[in-house]
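Visitor: So here's work_26.txt, just compact mmCIF, C-alpha atoms:
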# COMPACT_ATOMS: atom_id res chain seq x y z
CA MET A 1 32.60 9.59 20.44
CA GLU A 2 31.26 12.79 22.06
CA LEU A 3 32.07 16.44 21.73
CA ALA A 4 31.99 18.88 24.61
CA GLY A 5 28.52 19.26 26.06
CA GLY A 6 27.51 15.67 25.30
CA PHE A 7 26.99 16.20 21.57
CA PRO A 8 28.01 13.23 19.40
CA ASP A 9 31.18 13.35 17.31
CA LEU A 10 29.80 13.65 13.79
CA SER A 11 33.08 12.76 12.10
CA ALA A 12 32.15 9.07 12.40
CA VAL A 13 28.80 9.79 10.77
CA GLU A 14 30.47 11.97 8.15
CA ALA A 15 32.80 9.10 7.18
CA LEU A 16 29.72 7.08 6.16
CA HIS A 17 28.49 9.83 3.77
CA PRO A 18 24.79 9.21 4.38
CA ASP A 19 22.22 10.81 2.10
CA VAL A 20 20.20 12.14 5.04
CA VAL A 21 21.16 13.14 8.59
CA LEU A 22 18.54 13.39 11.32
CA SER A 23 19.67 15.82 14.00
CA ALA A 24 18.35 17.64 17.05
CA LEU A 25 21.45 19.86 17.09
CA PRO A 26 21.06 23.48 16.10
CA LEU A 27 22.30 23.99 12.55
CA ALA A 28 25.18 26.17 13.72
CA GLU A 29 26.52 23.35 15.91
CA ILE A 30 26.80 20.73 13.18
CA PRO A 31 30.53 20.71 12.42
CA SER A 32 30.29 18.72 9.20
CA LEU A 33 28.87 21.74 7.40
CA ALA A 34 32.20 23.49 7.70
CA ASN A 35 33.97 20.51 6.10
CA GLY A 36 32.03 20.74 2.85
CA TRP A 37 30.03 17.54 3.35
CA LEU A 38 26.44 18.29 2.37
CA PRO A 39 23.84 15.65 3.13
CA ALA A 40 20.16 16.49 3.37
CA TYR A 41 19.43 17.45 6.96
CA VAL A 42 16.25 16.71 8.86
CA LEU A 43 16.28 18.96 11.91
CA LEU A 44 14.13 18.42 14.96
CA GLY A 45 13.34 21.62 16.82
CA GLY A 46 14.80 24.20 14.47
CA ASP A 47 17.15 27.01 15.45
CA SER A 48 14.23 29.41 15.83
CA PRO A 49 10.43 29.44 15.60
CA SER A 50 10.92 30.42 11.97
CA GLY A 51 13.92 28.24 11.14
CA TRP A 52 13.69 28.35 7.36
CA THR A 53 16.22 30.74 5.92
CA GLN A 54 17.98 30.86 2.58
CA GLU A 55 21.17 29.97 4.44
CA SER A 56 19.69 26.86 6.07
CA VAL A 57 18.37 25.58 2.74
CA ARG A 58 21.73 26.36 1.09
CA LEU A 59 23.47 24.32 3.80
CA GLY A 60 21.29 21.28 3.17
CA VAL A 61 18.34 21.57 5.55
CA ARG A 62 15.48 19.78 3.82
CA ALA A 63 13.13 19.21 6.74
CA LEU A 64 12.35 21.18 9.87
CA LEU A 65 10.16 19.40 12.39
CA PRO A 66 9.18 20.08 15.99
CA ARG A 67 11.01 18.05 18.64
CA ASP A 68 7.77 16.26 19.46
CA ALA A 69 7.30 14.95 15.89
CA SER A 70 5.96 11.41 15.71
CA ALA A 71 7.98 8.50 14.36
CA GLU A 72 5.76 8.47 11.26
CA GLN A 73 6.38 12.18 10.65
CA ILE A 74 10.13 11.76 11.07
CA LEU A 75 10.23 8.76 8.71
CA ALA A 76 8.19 10.65 6.10
CA ALA A 77 10.50 13.67 6.44
CA VAL A 78 13.63 11.52 6.03
CA GLU A 79 12.22 9.79 2.94
CA SER A 80 11.10 13.13 1.49
CA ALA A 81 14.48 14.76 2.18
CA ALA A 82 16.23 11.84 0.48
CA ALA A 83 13.99 12.46 -2.55
CA GLY A 84 15.03 16.13 -2.60
CA LEU A 85 11.82 17.59 -1.21
CA LEU A 86 11.50 20.26 1.48
CA VAL A 87 9.39 19.34 4.51
CA ALA A 88 8.00 21.68 7.14
CA ASP A 89 5.78 21.38 10.16
CA PRO A 90 2.36 22.85 9.26
CA ARG A 91 2.94 25.68 11.74
CA GLU A 92 6.17 26.54 9.92
CA PHE A 93 4.35 26.37 6.60
CA GLU A 94 1.71 28.78 7.90
CA ALA A 95 4.45 31.25 8.81
CA LEU A 96 5.90 30.97 5.30
CA LEU A 97 2.61 31.39 3.48
CA PRO A 98 0.39 33.66 5.58
CA SER A 99 -1.97 34.27 2.67
CA TYR A 100 -3.35 30.76 3.07
CA THR A 101 -3.81 30.96 6.81
CA THR A 102 -4.87 34.51 7.55
CA SER A 103 -8.10 34.30 5.59
CA GLU A 104 -11.11 32.79 7.22
CA PRO A 105 -11.40 29.09 6.45
CA ALA A 106 -14.15 28.24 4.00
CA VAL A 107 -17.12 26.66 5.69
CA LEU A 108 -18.51 24.01 3.41
CA THR A 109 -21.54 21.93 4.27
CA ALA A 110 -21.16 18.18 4.63
CA ARG A 111 -22.78 17.71 1.20
CA GLU A 112 -20.46 20.30 -0.38
CA LEU A 113 -17.47 18.45 1.08
CA GLU A 114 -18.77 15.21 -0.47
CA VAL A 115 -19.13 16.95 -3.84
CA LEU A 116 -15.66 18.51 -3.53
CA ARG A 117 -14.13 15.09 -2.77
CA MET A 118 -15.82 13.62 -5.84
CA MET A 119 -14.64 16.57 -7.91
CA ALA A 120 -11.10 15.78 -6.71
CA GLU A 121 -11.58 12.22 -7.98
CA GLY A 122 -12.48 13.64 -11.39
CA ALA A 123 -16.18 12.80 -11.28
CA ALA A 124 -18.44 14.73 -13.64
CA ASN A 125 -21.69 16.32 -12.43
CA LYS A 126 -23.74 13.42 -13.81
CA GLN A 127 -21.61 10.87 -11.92
CA ILE A 128 -21.81 12.89 -8.70
CA ALA A 129 -25.59 13.16 -9.06
CA TRP A 130 -25.92 9.40 -9.54
CA LYS A 131 -23.62 8.54 -6.60
CA LEU A 132 -25.41 10.93 -4.23
CA SER A 133 -28.91 10.18 -5.56
CA ILE A 134 -29.58 13.85 -6.29
CA SER A 135 -30.37 15.73 -9.48
CA GLU A 136 -27.67 17.05 -11.78
CA HIS A 137 -29.13 20.52 -11.22
CA THR A 138 -28.53 20.16 -7.47
CA VAL A 139 -24.94 19.10 -8.14
CA LYS A 140 -24.46 22.24 -10.28
CA PHE A 141 -25.84 24.29 -7.39
CA HIS A 142 -23.37 22.66 -4.96
CA VAL A 143 -20.45 23.18 -7.36
CA ALA A 144 -21.36 26.86 -7.78
CA SER A 145 -21.58 27.23 -4.00
CA ILE A 146 -18.18 25.54 -3.52
CA LEU A 147 -16.58 27.79 -6.15
CA GLY A 148 -18.02 30.86 -4.44
CA LYS A 149 -17.05 29.86 -0.91
CA LEU A 150 -13.50 28.95 -1.95
CA ASN A 151 -13.21 32.00 -4.23
CA ALA A 152 -12.27 29.68 -7.09
CA GLY A 153 -12.81 30.22 -10.78
CA THR A 154 -12.74 26.57 -11.86
CA ARG A 155 -13.35 23.12 -10.47
CA THR A 156 -9.61 22.42 -10.61
CA GLU A 157 -8.86 25.57 -8.65
CA ALA A 158 -11.52 24.63 -6.08
CA VAL A 159 -9.94 21.20 -5.61
CA THR A 160 -6.48 22.75 -5.30
CA ILE A 161 -7.70 25.22 -2.69
CA GLY A 162 -9.58 22.43 -0.88
CA ILE A 163 -6.37 20.39 -0.66
CA ARG A 164 -4.33 23.39 0.53
CA LYS A 165 -6.88 24.24 3.20
CA GLY A 166 -7.04 20.63 4.36
CA LEU A 167 -10.69 20.24 3.40
CA ILE A 168 -9.92 17.15 1.33
CA LEU A 169 -7.09 14.65 1.20
CA ILE A 170 -5.99 12.90 -1.94
Write the structure described by the file as structure tokens, please.

Guide:
Amino acid sequence: MELAGGFPDLSAVEALHPDVVLSALPLAEIPSLANGWLPAYVLLGGDSPSGWTQESVRLGVRALLPRDASAEQILAAVESAAAGLLVADPREFEALLPSYTTSEPAVLTARELEVLRMMAEGAANKQIAWKLSISEHTVKFHVASILGKLNAGTRTEAVTIGIRKGLILI
């Protein structure tokens, strides 16, 4: 069940018609693509440092991970690909969206990070003040500082930017 060069014969896999195929083969070497069978592909170690192309997405690539991806990352990518989502290694994502990575990261104080996390949870200024045992005026000061440092116009935008920059997790 091997092709030349030690690659597996994918016709046996193709006969099963799986929803997702996990492969370390370069996209060009996957013969099933030529046969019209289009599962969602999770590729380990893409064809190039910038492996996302319109052609690869058209051919069914839904996840592009480094070869050293952890088991948890691979499982998450397979589940996401099965759900129709696109998954990329953060380094690949940075190459796709340089506007988020070329700017200097916002430097928030520990207190501002606490306030931003509470904002992400939907807490109002009064609730944040009570939880942190500070005045509502101080919370307003922190919120204004967060908005300025993240170049955000609203609390929602600040939370969105905070998530994108990895400052908070939800």

Visitor: Env of Leu86 in chain A: 12 Å cut, atoms = only C-alpha atoms, seq-sep filter 2 positions within chain, self excluded. Answer as a count of residues only.

Guide: 27

Visitor: For a test of reading the model, state the distance in Å between CA of Ala24 in chain A and CA of Leu38 in chain A, rounded to one decimal.

Guide: 16.8 Å

Visitor: Give me, please, the distance in Å between CA of Gly45 in chain A and CA of Leu85 in chain A, quoted to one decimal.

Guide: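 A separation of 18.5 Å between them.
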
Visitor: Calculated over only C-alpha atoms, which of the candidates A:Leu44, A:Val107, A:Met119, A:Ala69 has the smallest distance to Val139 in chain A?

Guide: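 Using only C-alpha atoms, Val139 in chain A sits closest to A:Met119.
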
Visitor: For Met118 in chain A, which residue out of A:Ile161, A:Leu147, A:Ile168, A:Ala15 is the nearest one, using only C-alpha atoms?

Guide: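 Under the stated criterion, the closest residue is A:Ile168.
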
Visitor: I'd like the neighbourhood of Arg155 in chain A as a list in words, where a residue qualifies if any of its atoms comes within 9 Å (using all atoms listed in the file), though same-chain residues fewer than 3 positions away should be ignored.

Guide: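 In the requested form, the answer reads Leu116, Met119, Ala120, Val143, Ile146, Leu147, Ala152, Ala158, Val159 and Thr160 of chain A.
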
Visitor: Quick one: pull the distance between CA of Trp130 in chain A and CA of Asn151 in chain A, Å, one decimal.

Guide: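 Between these atoms lies a distance of 26.5 Å.
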
Visitor: Quick one: residues within 12 Å of Arg111 in chain A, all atoms listed in the file, excluding same-chain residues fewer than 6 positions away - as a PyMOL selection string?

Guide: chain A and resi 117-118+128-129+132-134+138-139+141-143+145-146
